[in-house]
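Colleague: What follows is model_16.cif, mmCIF, C-alpha atoms.
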```
data_run
#
loop_
_atom_site.label_atom_id
_atom_site.label_comp_id
_atom_site.auth_asym_id
_atom_site.auth_seq_id
_atom_site.Cartn_x
_atom_site.Cartn_y
_atom_site.Cartn_z
CA MET A 184 11.43 -4.12 19.11
CA GLU A 185 11.19 -6.50 16.21
CA PHE A 186 9.97 -5.90 12.63
CA ARG A 187 8.39 -9.02 11.17
CA THR A 188 7.27 -9.18 7.56
CA VAL A 189 4.69 -11.85 6.75
CA GLY A 190 4.12 -13.45 3.36
CA SER A 191 0.58 -14.74 3.86
CA ILE A 192 -2.58 -14.00 5.82
CA GLU A 193 -2.18 -17.35 7.59
CA GLU A 194 1.29 -16.38 8.71
CA ALA A 195 -0.05 -13.06 10.02
CA LEU A 196 -2.85 -14.82 11.92
CA ALA A 197 -0.43 -17.33 13.44
CA CYS A 198 1.75 -14.47 14.63
CA LEU A 199 -1.22 -12.61 16.10
CA ALA A 200 -2.42 -15.80 17.85
CA ASP A 201 1.02 -16.08 19.37
CA VAL A 202 1.88 -12.50 20.34
CA GLY A 203 -1.15 -10.42 19.34
CA ASP A 204 -1.09 -8.50 22.63
CA GLU A 205 2.37 -7.11 21.95
CA ALA A 206 2.10 -6.65 18.21
CA GLN A 207 1.19 -3.57 16.22
CA VAL A 208 -0.07 -4.40 12.75
CA VAL A 209 1.57 -2.12 10.17
CA ALA A 210 0.61 -1.57 6.54
CA GLY A 211 1.27 1.96 5.23
CA GLY A 212 2.50 3.09 8.64
CA THR A 213 1.24 6.66 8.18
CA ASP A 214 -0.54 6.66 11.55
CA VAL A 215 1.46 3.95 13.33
CA MET A 216 4.88 5.50 12.75
CA ILE A 217 3.76 8.90 14.02
CA GLN A 218 2.12 7.38 17.10
CA HIS A 219 5.24 5.30 17.73
CA MET A 220 7.53 8.32 17.44
CA ARG A 221 5.27 10.24 19.84
CA ARG A 222 5.39 7.23 22.22
CA GLU A 223 1.62 6.92 22.18
CA ILE A 224 2.09 3.22 21.43
CA ASN A 225 4.84 0.91 22.59
CA PRO A 226 4.60 -2.45 20.80
CA SER A 227 7.38 -5.02 21.00
CA LEU A 228 6.65 -6.12 17.45
CA PHE A 229 5.70 -4.43 14.19
CA LEU A 230 3.79 -7.01 12.17
CA TYR A 231 4.17 -5.81 8.58
CA ILE A 232 1.37 -6.98 6.29
CA GLY A 233 2.00 -4.56 3.41
CA ASN A 234 3.04 -7.33 1.01
CA LEU A 235 -0.25 -9.28 1.19
CA CYS A 236 -1.57 -8.27 -2.21
CA GLU A 237 -4.53 -10.65 -1.88
CA MET A 238 -5.95 -8.08 0.56
CA GLU A 239 -5.98 -5.27 -2.03
CA GLY A 240 -8.74 -3.97 -4.23
CA LEU A 241 -12.47 -4.29 -4.81
CA THR A 242 -13.96 -7.69 -5.59
CA LYS A 243 -17.55 -8.28 -6.67
CA ASN A 244 -18.57 -11.77 -5.79
CA GLY A 245 -22.20 -11.56 -4.75
CA SER A 246 -21.39 -8.72 -2.36
CA HIS A 247 -18.88 -5.93 -2.80
CA ALA A 248 -15.76 -6.57 -0.73
CA ILE A 249 -12.89 -4.14 -0.41
CA GLY A 250 -9.59 -5.55 0.80
CA ALA A 251 -8.24 -3.96 3.97
CA LEU A 252 -4.94 -3.14 2.25
CA THR A 253 -6.58 -1.10 -0.49
CA THR A 254 -4.84 2.27 -0.38
CA HIS A 255 -6.61 5.61 -0.29
CA ARG A 256 -5.12 6.39 -3.67
CA HIS A 257 -6.59 3.19 -5.06
CA LEU A 258 -10.02 4.01 -3.58
CA ALA A 259 -9.87 7.54 -5.00
CA THR A 260 -8.80 6.60 -8.53
CA ASP A 261 -9.93 3.06 -9.37
CA PRO A 262 -12.90 3.43 -11.76
CA LEU A 263 -14.53 0.35 -10.22
CA VAL A 264 -14.50 1.92 -6.75
CA VAL A 265 -15.50 5.35 -8.02
CA ALA A 266 -18.50 3.78 -9.79
CA ALA A 267 -19.56 1.50 -6.93
CA PHE A 268 -18.85 3.77 -3.96
CA PRO A 269 -18.60 7.41 -5.09
CA ALA A 270 -18.76 8.83 -1.56
CA LEU A 271 -15.99 6.53 -0.36
CA ALA A 272 -13.83 7.51 -3.34
CA GLU A 273 -14.47 11.19 -2.58
CA ALA A 274 -13.56 10.66 1.06
CA ALA A 275 -10.37 8.78 0.22
CA SER A 276 -9.29 11.56 -2.14
CA THR A 277 -9.39 14.01 0.79
CA VAL A 278 -7.16 11.98 3.11
CA GLY A 279 -3.79 13.69 3.60
CA SER A 280 -1.70 14.08 0.48
CA TRP A 281 -0.66 11.98 -2.52
CA GLN A 282 2.27 10.72 -0.45
CA THR A 283 0.07 9.43 2.37
CA GLN A 284 -2.75 8.23 0.10
CA GLU A 285 -0.26 6.10 -1.79
CA VAL A 286 0.55 3.95 1.27
CA GLY A 287 -2.25 4.57 3.81
CA THR A 288 -4.89 1.83 3.71
CA LEU A 289 -8.61 1.47 4.31
CA GLY A 290 -8.03 -1.12 7.04
CA GLY A 291 -5.58 1.19 8.74
CA ASN A 292 -8.00 4.10 8.61
CA LEU A 293 -10.70 1.96 10.26
CA CYS A 294 -8.48 0.33 12.89
CA ASN A 295 -6.91 3.68 13.80
CA ALA A 296 -10.44 4.78 14.70
CA SER A 297 -9.84 8.51 14.59
CA PRO A 298 -13.03 10.52 15.21
CA ALA A 299 -12.19 12.32 11.96
CA ALA A 300 -11.43 9.20 9.85
CA ASP A 301 -12.74 10.14 6.41
CA THR A 302 -13.59 6.66 5.15
CA VAL A 303 -15.90 5.75 8.04
CA ALA A 304 -18.89 7.99 7.28
CA PRO A 305 -19.25 6.87 3.62
CA LEU A 306 -19.04 3.26 4.75
CA LEU A 307 -21.68 3.77 7.45
CA ILE A 308 -24.19 4.94 4.82
CA ALA A 309 -23.32 1.81 2.80
CA ASP A 310 -24.19 -0.59 5.67
CA ALA A 311 -20.59 -1.74 5.79
CA GLN A 312 -19.42 -4.79 7.65
CA VAL A 313 -15.85 -5.60 8.59
CA GLU A 314 -14.35 -9.05 8.24
CA LEU A 315 -12.15 -9.98 11.18
CA ARG A 316 -10.05 -13.11 10.80
CA ARG A 317 -8.19 -15.07 13.40
CA ALA A 318 -6.33 -18.38 13.23
CA SER A 319 -9.43 -20.23 14.44
CA GLY A 320 -12.06 -18.57 12.28
CA VAL A 321 -13.70 -15.46 10.95
CA ARG A 322 -16.44 -13.10 12.13
CA ARG A 323 -18.25 -10.24 10.47
CA LEU A 324 -19.32 -7.21 12.39
CA PRO A 325 -21.29 -4.16 11.29
CA LEU A 326 -18.85 -1.23 11.08
CA ASP A 327 -21.18 0.56 13.49
CA GLU A 328 -20.44 -2.10 16.13
CA PHE A 329 -16.76 -2.38 15.26
CA LEU A 330 -16.14 1.26 16.20
CA LEU A 331 -16.42 1.61 19.95
CA GLY A 332 -15.19 5.17 20.38
CA ARG A 333 -12.23 7.43 19.88
CA ARG A 334 -9.24 5.21 18.97
CA SER A 335 -11.15 2.18 20.16
CA THR A 336 -12.45 -0.78 18.15
CA ALA A 337 -13.88 -4.24 18.81
CA ARG A 338 -10.89 -5.90 17.15
CA LEU A 339 -9.36 -8.51 19.46
CA PRO A 340 -5.57 -8.73 19.72
CA ASP A 341 -5.45 -11.96 17.71
CA GLU A 342 -7.71 -10.66 14.93
CA LEU A 343 -6.79 -9.11 11.60
CA LEU A 344 -9.18 -6.85 9.72
CA THR A 345 -9.02 -8.38 6.25
CA ALA A 346 -11.88 -6.82 4.28
CA VAL A 347 -14.88 -4.53 4.33
CA THR A 348 -18.13 -5.43 2.61
CA ALA A 349 -20.61 -2.73 1.68
CA ARG A 350 -23.70 -2.08 -0.42
CA PRO A 351 -23.38 0.25 -3.41
CA PRO A 352 -26.15 2.76 -4.05
CA GLY A 353 -29.06 1.24 -5.98
CA GLU A 354 -31.40 2.74 -8.55
CA ARG A 355 -32.62 6.34 -8.14
CA CYS A 356 -29.96 6.77 -5.49
CA GLY A 357 -27.24 9.36 -5.03
CA GLU A 358 -24.54 9.72 -2.40
CA THR A 359 -21.74 12.09 -1.50
CA TYR A 360 -19.13 12.90 1.14
CA LEU A 361 -18.43 16.49 2.07
CA LYS A 362 -15.49 17.47 4.20
CA LEU A 363 -14.86 20.79 5.81
CA GLY A 364 -11.27 21.81 6.44
CA ARG A 365 -9.25 25.01 6.34
CA ARG A 366 -8.02 24.08 2.89
CA SER A 367 -8.85 21.28 0.50
CA ALA A 368 -5.71 19.21 1.08
CA MET A 369 -3.66 17.82 3.96
CA GLU A 370 -6.51 18.40 6.33
CA VAL A 371 -8.00 16.50 9.21
CA ALA A 372 -11.73 17.12 8.96
CA ILE A 373 -13.28 19.87 11.07
CA ALA A 374 -16.54 18.18 10.13
CA GLY A 375 -17.42 15.53 7.57
CA LEU A 376 -20.78 14.41 6.28
CA ALA A 377 -21.79 11.43 4.13
CA VAL A 378 -25.32 11.29 2.76
CA ARG A 379 -27.06 8.69 0.61
CA LEU A 380 -30.60 9.34 -0.61
CA THR A 381 -32.82 6.91 -2.48
CA PHE A 382 -35.87 8.34 -4.23
CA ASP A 383 -39.11 6.69 -5.26
CA ALA A 384 -40.52 6.90 -8.78
CA VAL A 385 -42.18 10.27 -8.14
CA GLY A 386 -39.21 11.91 -6.44
CA ASN A 387 -39.95 11.46 -2.74
CA VAL A 388 -37.10 10.42 -0.48
CA GLU A 389 -37.65 6.73 0.09
CA SER A 390 -34.59 6.17 2.22
CA ALA A 391 -32.09 8.57 3.77
CA LYS A 392 -28.76 7.71 5.29
CA VAL A 393 -26.71 10.38 7.00
CA ALA A 394 -23.39 9.85 8.77
CA ALA A 395 -21.21 12.52 10.36
CA CYS A 396 -17.57 12.48 11.43
CA ALA A 397 -15.31 14.74 13.49
CA VAL A 398 -18.29 15.98 15.50
CA ALA A 399 -18.41 13.12 18.03
CA PRO A 400 -15.95 10.58 19.52
CA ARG A 401 -16.58 8.42 16.47
CA ALA A 402 -18.45 8.75 13.19
CA TYR A 403 -22.11 7.83 13.59
CA ARG A 404 -25.41 7.55 11.74
CA ALA A 405 -27.66 10.52 12.44
CA VAL A 406 -30.91 8.54 12.50
CA GLU A 407 -33.09 11.45 13.67
CA ALA A 408 -32.03 13.55 10.70
CA GLU A 409 -32.63 10.55 8.44
CA SER A 410 -36.24 10.16 9.66
CA VAL A 411 -36.95 13.83 9.00
CA LEU A 412 -35.73 13.51 5.40
CA GLU A 413 -37.52 10.23 4.66
CA GLY A 414 -40.86 10.67 2.90
CA SER A 415 -40.08 14.30 2.08
CA ARG A 416 -39.37 16.01 -1.23
CA LEU A 417 -36.40 17.82 0.30
CA GLU A 418 -38.37 21.02 0.85
CA GLU A 419 -36.24 23.83 2.27
CA GLY A 420 -38.00 23.66 5.64
CA THR A 421 -37.61 19.89 5.88
CA VAL A 422 -33.89 20.00 5.14
CA ALA A 423 -33.52 22.77 7.74
CA GLU A 424 -35.37 20.64 10.28
CA ALA A 425 -33.12 17.68 9.45
CA GLY A 426 -30.17 20.03 9.91
CA ARG A 427 -31.36 20.88 13.42
CA ALA A 428 -31.77 17.18 14.19
CA LEU A 429 -28.25 16.60 12.90
CA VAL A 430 -26.87 19.34 15.16
CA ASP A 431 -28.75 17.84 18.13
CA SER A 432 -27.17 14.44 17.47
CA ALA A 433 -23.62 15.82 17.40
CA THR A 434 -21.37 15.94 20.46
CA PRO A 435 -18.39 17.93 19.16
CA ILE A 436 -15.43 19.19 21.15
CA ASP A 437 -13.25 22.29 21.02
CA ASP A 438 -9.82 21.49 19.62
CA ALA A 439 -6.97 23.06 17.67
CA ARG A 440 -8.93 22.85 14.43
CA ALA A 441 -12.26 24.38 15.46
CA SER A 442 -14.57 25.07 18.36
CA ALA A 443 -17.51 22.85 19.18
CA SER A 444 -19.92 25.68 18.41
CA TYR A 445 -18.34 26.24 14.97
CA ARG A 446 -18.71 22.54 14.22
CA ARG A 447 -22.41 22.69 15.18
CA HIS A 448 -22.81 25.83 13.10
CA VAL A 449 -21.51 24.28 9.85
CA LEU A 450 -23.45 21.00 9.96
CA PRO A 451 -26.79 22.27 8.58
CA GLY A 452 -25.02 23.94 5.66
CA LEU A 453 -23.15 20.77 4.83
CA LEU A 454 -26.44 18.87 4.86
CA VAL A 455 -28.08 21.35 2.46
CA ARG A 456 -25.20 20.94 0.00
CA ALA A 457 -25.07 17.18 0.44
CA VAL A 458 -28.76 16.52 -0.22
CA ALA A 459 -28.62 18.71 -3.34
CA THR A 460 -25.68 16.68 -4.67
CA CYS A 461 -27.43 13.41 -3.83
CA ARG A 462 -30.51 14.53 -5.76
CA GLU A 463 -28.44 15.55 -8.80
CA ARG A 464 -26.59 12.25 -8.80
CA ALA A 465 -29.77 10.22 -8.40
CA VAL A 466 -31.21 12.01 -11.43
CA GLU A 467 -28.04 11.57 -13.52
CA GLN A 468 -28.14 7.90 -12.73
CA ARG A 469 -31.71 7.42 -13.95
CA MET B 157 16.34 -6.31 17.75
CA SER B 158 17.54 -4.81 14.52
CA ALA B 159 16.27 -5.40 11.01
CA GLU B 160 18.56 -6.40 8.16
CA PHE B 161 17.16 -6.06 4.67
CA SER B 162 18.02 -5.23 1.08
CA MET B 163 16.47 -2.72 -1.25
CA THR B 164 17.36 -1.08 -4.54
CA VAL B 165 18.30 2.56 -4.12
CA ASN B 166 18.89 4.61 -7.26
CA GLY B 167 19.57 1.43 -9.23
CA ARG B 168 21.99 -0.09 -6.73
CA THR B 169 21.15 -2.96 -4.37
CA VAL B 170 22.03 -2.06 -0.80
CA THR B 171 21.80 -4.09 2.38
CA VAL B 172 21.37 -2.29 5.68
CA ASP B 173 21.04 -3.35 9.28
CA VAL B 174 19.06 -0.80 11.26
CA ALA B 175 16.76 -0.44 14.26
CA ALA B 176 13.45 -2.21 13.63
CA ASP B 177 11.47 1.02 14.00
CA GLU B 178 13.79 3.16 11.87
CA THR B 179 12.30 5.35 9.16
CA LEU B 180 13.31 5.16 5.54
CA LEU B 181 14.38 8.82 5.69
CA HIS B 182 16.95 8.16 8.42
CA VAL B 183 18.31 5.11 6.62
CA LEU B 184 18.74 7.13 3.43
CA ARG B 185 20.34 10.09 5.16
CA ASP B 186 22.36 8.50 7.99
CA GLU B 187 23.25 5.06 6.63
CA LEU B 188 23.48 5.70 2.91
CA LEU B 189 24.47 9.39 3.21
CA LEU B 190 21.88 10.41 0.65
CA THR B 191 20.99 13.74 2.22
CA GLY B 192 18.88 15.09 -0.63
CA ALA B 193 15.64 14.06 1.07
CA LYS B 194 15.12 16.50 3.93
CA GLU B 195 13.63 16.20 7.38
CA GLY B 196 11.07 18.97 7.70
CA CYS B 197 8.09 18.21 9.91
CA ASP B 198 8.99 14.56 10.62
CA GLU B 199 5.30 13.65 10.65
CA GLY B 200 4.20 13.34 7.05
CA GLU B 201 2.86 16.86 6.63
CA CYS B 202 5.41 18.82 4.60
CA GLY B 203 6.74 16.47 1.89
CA ALA B 204 10.38 17.65 2.16
CA CYS B 205 11.34 13.98 2.65
CA THR B 206 9.48 12.75 -0.46
CA VAL B 207 11.16 9.85 -2.27
CA LEU B 208 9.72 7.34 -4.71
CA VAL B 209 9.08 3.77 -3.57
CA ASP B 210 8.28 1.53 -6.52
CA GLY B 211 7.73 4.73 -8.50
CA LYS B 212 5.18 6.24 -6.09
CA PRO B 213 5.84 9.28 -3.91
CA VAL B 214 5.92 8.61 -0.18
CA ASP B 215 6.84 10.61 2.89
CA SER B 216 10.02 8.76 3.86
CA CYS B 217 9.94 10.30 7.38
CA ILE B 218 6.99 8.08 8.31
CA TYR B 219 7.77 5.13 6.04
CA PRO B 220 8.98 2.14 8.08
CA ALA B 221 12.43 1.40 6.67
CA PRO B 222 12.17 -2.42 6.68
CA ALA B 223 8.94 -2.12 4.66
CA ALA B 224 11.20 -1.07 1.77
CA ALA B 225 12.77 -4.55 1.69
CA GLY B 226 12.77 -5.80 -1.88
CA ARG B 227 11.43 -2.52 -3.19
CA THR B 228 12.90 0.13 -5.47
CA VAL B 229 13.65 3.50 -3.92
CA SER B 230 14.49 6.61 -5.94
CA THR B 231 15.90 9.77 -4.42
CA ILE B 232 16.88 13.13 -5.89
CA GLU B 233 20.49 11.90 -6.13
CA GLY B 234 19.43 9.22 -8.62
CA LEU B 235 17.81 11.54 -11.12
CA VAL B 236 20.91 13.08 -12.66
CA GLY B 237 22.20 11.27 -15.73
CA SER B 238 25.65 9.65 -15.84
CA ASP B 239 26.76 12.56 -18.03
CA GLY B 240 25.48 15.03 -15.46
CA SER B 241 22.35 15.87 -17.43
CA LEU B 242 19.26 17.03 -15.57
CA THR B 243 15.77 15.57 -15.96
CA PRO B 244 13.13 17.81 -17.58
CA ILE B 245 11.67 18.66 -14.15
CA GLN B 246 15.09 19.56 -12.75
CA ARG B 247 15.89 21.63 -15.84
CA ALA B 248 12.52 23.39 -15.51
CA PHE B 249 13.29 24.32 -11.89
CA VAL B 250 16.63 25.82 -12.93
CA ASP B 251 15.33 27.63 -15.99
CA GLY B 252 12.21 28.89 -14.21
CA PHE B 253 14.03 30.06 -11.03
CA ALA B 254 11.64 27.79 -9.15
CA VAL B 255 13.90 27.59 -6.10
CA GLN B 256 14.17 29.99 -3.21
CA CYS B 257 15.87 28.60 -0.09
CA GLY B 258 15.90 25.14 -1.68
CA PHE B 259 15.04 23.06 1.38
CA CYS B 260 11.76 21.79 -0.04
CA THR B 261 13.07 21.45 -3.61
CA PRO B 262 14.10 17.75 -3.61
CA GLY B 263 10.65 16.79 -2.32
CA PHE B 264 8.89 18.87 -4.95
CA VAL B 265 11.08 17.47 -7.72
CA MET B 266 10.42 13.87 -6.65
CA THR B 267 6.64 14.35 -6.46
CA LEU B 268 6.63 16.05 -9.86
CA THR B 269 8.83 13.32 -11.32
CA ALA B 270 6.15 10.80 -10.29
CA LEU B 271 3.43 13.07 -11.68
CA ILE B 272 4.83 13.39 -15.18
CA GLU B 273 5.56 9.67 -15.21
CA GLU B 274 1.80 9.12 -14.70
CA ASN B 275 0.62 12.05 -16.78
CA SER B 276 3.02 13.63 -19.25
CA LYS B 277 0.72 16.61 -19.88
CA PRO B 278 -0.66 17.67 -16.50
CA THR B 279 -3.00 20.62 -16.18
CA GLU B 280 -2.39 23.32 -13.63
CA ARG B 281 -5.02 21.65 -11.44
CA ASP B 282 -3.26 18.27 -11.75
CA ILE B 283 -0.02 19.91 -10.66
CA ARG B 284 -1.63 21.70 -7.72
CA GLU B 285 -3.33 18.52 -6.56
CA ALA B 286 -0.16 16.46 -6.90
CA LEU B 287 1.74 19.04 -4.84
CA SER B 288 -0.85 19.31 -2.06
CA GLY B 289 1.50 17.41 0.26
CA ASN B 290 4.59 19.51 -0.47
CA LEU B 291 5.02 22.70 1.49
CA CYS B 292 7.30 25.58 0.51
CA ARG B 293 7.82 27.93 3.43
CA CYS B 294 9.22 30.55 1.05
CA THR B 295 5.79 30.27 -0.64
CA GLY B 296 7.37 29.97 -4.06
CA TYR B 297 4.56 27.90 -5.50
CA SER B 298 3.74 29.96 -8.58
CA THR B 299 7.19 29.69 -10.12
CA ILE B 300 7.17 25.94 -9.51
CA ILE B 301 3.81 25.46 -11.20
CA ASP B 302 4.82 27.71 -14.10
CA ALA B 303 8.08 25.81 -14.51
CA VAL B 304 6.32 22.48 -14.75
CA LEU B 305 3.75 23.81 -17.21
CA THR B 306 6.49 25.27 -19.38
CA ALA B 307 8.51 22.06 -19.28
CA THR B 308 5.60 19.78 -20.15
CA GLU B 309 4.38 22.10 -22.91
CA GLU B 310 7.83 22.19 -24.47
CA ARG B 311 8.11 18.42 -24.37
CA SER B 312 4.86 17.80 -26.17
#
```
Do you think you could lay out the structure here as structure tokens?

Modeller:
Amino acid sequence: MEFRTVGSIEEALACLADVGDEAQVVAGGTDVMIQHMRREINPSLFLYIGNLCEMEGLTKNGSHAIGALTTHRHLATDPLVVAAFPALAEAASTVGSWQTQEVGTLGGNLCNASPAADTVAPLLIADAQVELRRASGVRRLPLDEFLLGRRSTARLPDELLTAVTARPPGERCGETYLKLGRRSAMEVAIAGLAVRLTFDAVGNVESAKVAACAVAPRAYRAVEAESVLEGSRLEEGTVAEAGRALVDSATPIDDARASASYRRHVLPGLLVRAVATCRERAVEQR
Amino acid sequence: MSAEFSMTVNGRTVTVDVAADETLLHVLRDELLLTGAKEGCDEGECGACTVLVDGKPVDSCIYPAPAAAGRTVSTIEGLVGSDGSLTPIQRAFVDGFAVQCGFCTPGFVMTLTALIEENSKPTERDIREALSGNLCRCTGYSTIIDAVLTATEERS
């Protein structure tokens, strides 16, 4: 086992082109080190990219791009991120503890592809794309296509996830991320829900985006629930119907944290709270 | 293959040569004999191993040791002054009897040291949030929070 620290993205890409199959990219290490200790992974090389500060932070250059090495703590506390992507900032603030947020990165959270990854749902409602670089070029992939399933992504062994681009909420739009756990810290989500609602001038839902995590092998957009909400005024019956559609779209499992039936049970309630918050935030913004 | 690297630990530059997949906690405890940071859960859940890397609290049990190359690491052993004086957080723990079995104490003190560096007048909520990754199996949280509040009120 070798630990190689790279000083530039190019150096990282050259290394991945050479020995990508055997390398494990490491940034904060909060997932990788645990998986390594549990022998769930067995790389011959740790490729340490944690010094590549050009991959940190939010840049606004036409589109909004977030560097893959942006830490959860940065996402949760940087006023620029909180203003542009409130649901993502909320999600990042619920990941683990201060200690893990300080080193764990957005790119790591996405590449780790946990079904309960908190940052995925708020990025799905922001039409996020991931930027994958390799020595010979770059490709951009919708996050929805990047995530293949539990712990599985479309990243090729010679590719490095360098950034995520996403669309902030526009006018008359509110978004939020709600996470259910046994307590409000150090928790892997029992269920998580990100919702973004855009209203028209008279208060009807023009566009609804709903993404759920920890209730399926990967976070996903609940398009049936979205269609129920769109065109409505968020009447109680409509939100309840959207809740049923959300439950129908989920494929949860029983695990140590909760049963599948409990996960189904809590989803409609999360949706009720989320749409109320979205409406409040859309009004505040006006 | 091993990894040789240098870092600054409690103000002193040290060079170590360790297994490439070694954790910072084991380097501190086994190589440098700084046993203040404790191994509790060994998977980043309990915070007993908390040290500061470049001033920020991290779980050293899941921090890849060679990632600390060129960085500044602070442990509980580095807090005490050359004249033996305690920091305000340490003094608050003593004065407020905020220690029971003591196993978690170094981790709590390091996290709180980082907190008051960022925010010299934390609210109770700030303290609770900062400590969300530090577990005390004796459940002595209230005395810890009270001690910090007392210390930061006295300072201001």

Colleague: At what distance in Å, to one decimal, does CA of Phe229 in chain A lie from CA of Gly190 in chain A?

Modeller: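 Here the two named atoms are 14.2 Å from each other.
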
Colleague: Would you kindly translate the PyMOL selection byres ((chain B) within 9 of (chain A)) into the concrete residues it picks from this file, as a PyMOL selection string?

Modeller: chain B and resi 157-159+175-177+179+198-201+203+206+212-215+217-220+222-223+267+285-290

Colleague: Please determine the residues with any atom at most 9 Å from (3.8, 21.6, -14.6) (coordinates as given in the file, with only C-alpha atoms counting) and report them as a list in words.

Modeller: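 Checked against the point, the hits come out as Ile245, Ala248, Leu268, Ile272, Lys277, Pro278, Thr279, Glu280, Asp282, Ile283, Arg284, Ile300, Ile301, Asp302, Ala303, Val304, Leu305, Thr306, Ala307, Thr308 and Glu309 of chain B.
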
Colleague: Exactly which residues make up the result of the PyMOL selection byres ((chain A and resi 334) around 10) on this file, given as a PyMOL selection string?

Modeller: chain A and resi 293-298+330-333+335-336+400-401

Colleague: Taking the file above as input, evaluate the PyMOL selection byres ((chain A and resi 359) around 6) and report the hits as a list of chain:residue names.

Modeller: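 So the PyMOL selection byres ((chain A and resi 359) around 6) ends up selecting A:Ala270, A:Glu358, A:Tyr360, A:Ala377, A:Val378.
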
Colleague: Can you measure CA of Thr254 in chain A to CA of Ala372 in chain A for me? One decimal in Å is fine.

Modeller: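 Straight-line distance from CA of Thr254 in chain A to CA of Ala372 in chain A works out to 18.8 Å.
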
Colleague: Please report the interatomic distance between CA of Glu342 in chain A and CA of Glu194 in chain A in Å with one decimal.

Modeller: 12.3 Å

Colleague: Go through B:Tyr297, B:Gly226, B:Arg247, B:Val165 one by one, measure the shortest atom-to-atom distance of each to Val183 in chain B using only C-alpha atoms, and give the residue with the smallest value.

Modeller: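 The answer is B:Val165, which sits nearest to Val183 in chain B.
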
Colleague: List the neighbours of Glu419 in chain A out to 12 Å using all atoms listed in the file; skip same-chain residues closer than 3 positions along the sequence, and give me the result as a ChimeraX atom specification.

Modeller: /A:412,415-416,422-426,451-452,454-456,458-459

Colleague: Any chance you could export the current selection's C-alpha atoms as a compact mmCIF listing (two decimals), in the coordinates of the input?

Modeller:
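Heads up, here's the output in again_5.txt:
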```txt
# COMPACT_ATOMS: atom_id res chain seq x y z
CA LEU A 412 -35.73 13.51 5.40
CA SER A 415 -40.08 14.30 2.08
CA ARG A 416 -39.37 16.01 -1.23
CA VAL A 422 -33.89 20.00 5.14
CA ALA A 423 -33.52 22.77 7.74
CA GLU A 424 -35.37 20.64 10.28
CA ALA A 425 -33.12 17.68 9.45
CA GLY A 426 -30.17 20.03 9.91
CA PRO A 451 -26.79 22.27 8.58
CA GLY A 452 -25.02 23.94 5.66
CA LEU A 454 -26.44 18.87 4.86
CA VAL A 455 -28.08 21.35 2.46
CA ARG A 456 -25.20 20.94 0.00
CA VAL A 458 -28.76 16.52 -0.22
CA ALA A 459 -28.62 18.71 -3.34
```

Colleague: Pick the closest to Glu354 in chain A from A:Asp261, A:Asp383, A:Asp438, A:Asp327: which is it, counting only C-alpha atoms?

Modeller: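 Checking each candidate against Glu354 in chain A, we get A:Asp383 as the closest.
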
Colleague: I want to know what sits within 8 Å of range 300-308 of chain A, based on only C-alpha atoms, with residues of the same chain fewer than 4 positions away left out; could you give that as number ranges by chain?

Modeller: A: 270-271, 274-275, 277-278, 289, 292-293, 296, 326-327, 349, 359-360, 372, 375-379, 392-397, 402-404

Colleague: Which residue is closest to Ala311 in chain A? Choose from A:Ser276, A:Thr381, A:Ser246, A:Thr421 and count all atoms listed in the file.

Modeller: A:Ser246

Colleague: Using only C-alpha atoms, find all polymer residues with an atom at most 8 Å away from the point (13.1, -3.9, -2.1); report them as a count of residues only.

Modeller: 9

Colleague: Kindly complete range 209-217 of chain B to N, CA and C atoms; the output should be written as a PDB file, in the coordinates of the input.

Modeller:
```
ATOM      1  N   VAL B 209       8.956   5.197  -3.881  1.00  0.00           N
ATOM      2  CA  VAL B 209       9.080   3.770  -3.570  1.00  0.00           C
ATOM      3  C   VAL B 209       8.258   3.039  -4.630  1.00  0.00           C
ATOM      4  N   ASP B 210       8.912   2.195  -5.375  1.00  0.00           N
ATOM      5  CA  ASP B 210       8.280   1.530  -6.520  1.00  0.00           C
ATOM      6  C   ASP B 210       7.588   2.565  -7.418  1.00  0.00           C
ATOM      7  N   GLY B 211       8.219   3.702  -7.576  1.00  0.00           N
ATOM      8  CA  GLY B 211       7.730   4.730  -8.500  1.00  0.00           C
ATOM      9  C   GLY B 211       6.691   5.676  -7.917  1.00  0.00           C
ATOM     10  N   LYS B 212       6.236   5.410  -6.690  1.00  0.00           N
ATOM     11  CA  LYS B 212       5.180   6.240  -6.090  1.00  0.00           C
ATOM     12  C   LYS B 212       5.767   7.135  -5.010  1.00  0.00           C
ATOM     13  N   PRO B 213       5.290   8.383  -4.930  1.00  0.00           N
ATOM     14  CA  PRO B 213       5.840   9.280  -3.910  1.00  0.00           C
ATOM     15  C   PRO B 213       5.354   8.895  -2.513  1.00  0.00           C
ATOM     16  N   VAL B 214       6.276   8.866  -1.578  1.00  0.00           N
ATOM     17  CA  VAL B 214       5.920   8.610  -0.180  1.00  0.00           C
ATOM     18  C   VAL B 214       6.685   9.584   0.704  1.00  0.00           C
ATOM     19  N   ASP B 215       6.122   9.829   1.887  1.00  0.00           N
ATOM     20  CA  ASP B 215       6.840  10.610   2.890  1.00  0.00           C
ATOM     21  C   ASP B 215       7.795   9.644   3.603  1.00  0.00           C
ATOM     22  N   SER B 216       9.094   9.749   3.310  1.00  0.00           N
ATOM     23  CA  SER B 216      10.020   8.760   3.860  1.00  0.00           C
ATOM     24  C   SER B 216      10.213   8.927   5.364  1.00  0.00           C
ATOM     25  N   CYS B 217       9.791  10.071   5.924  1.00  0.00           N
ATOM     26  CA  CYS B 217       9.940  10.300   7.380  1.00  0.00           C
ATOM     27  C   CYS B 217       8.985   9.458   8.195  1.00  0.00           C
TER      28      CYS B 217
END
```
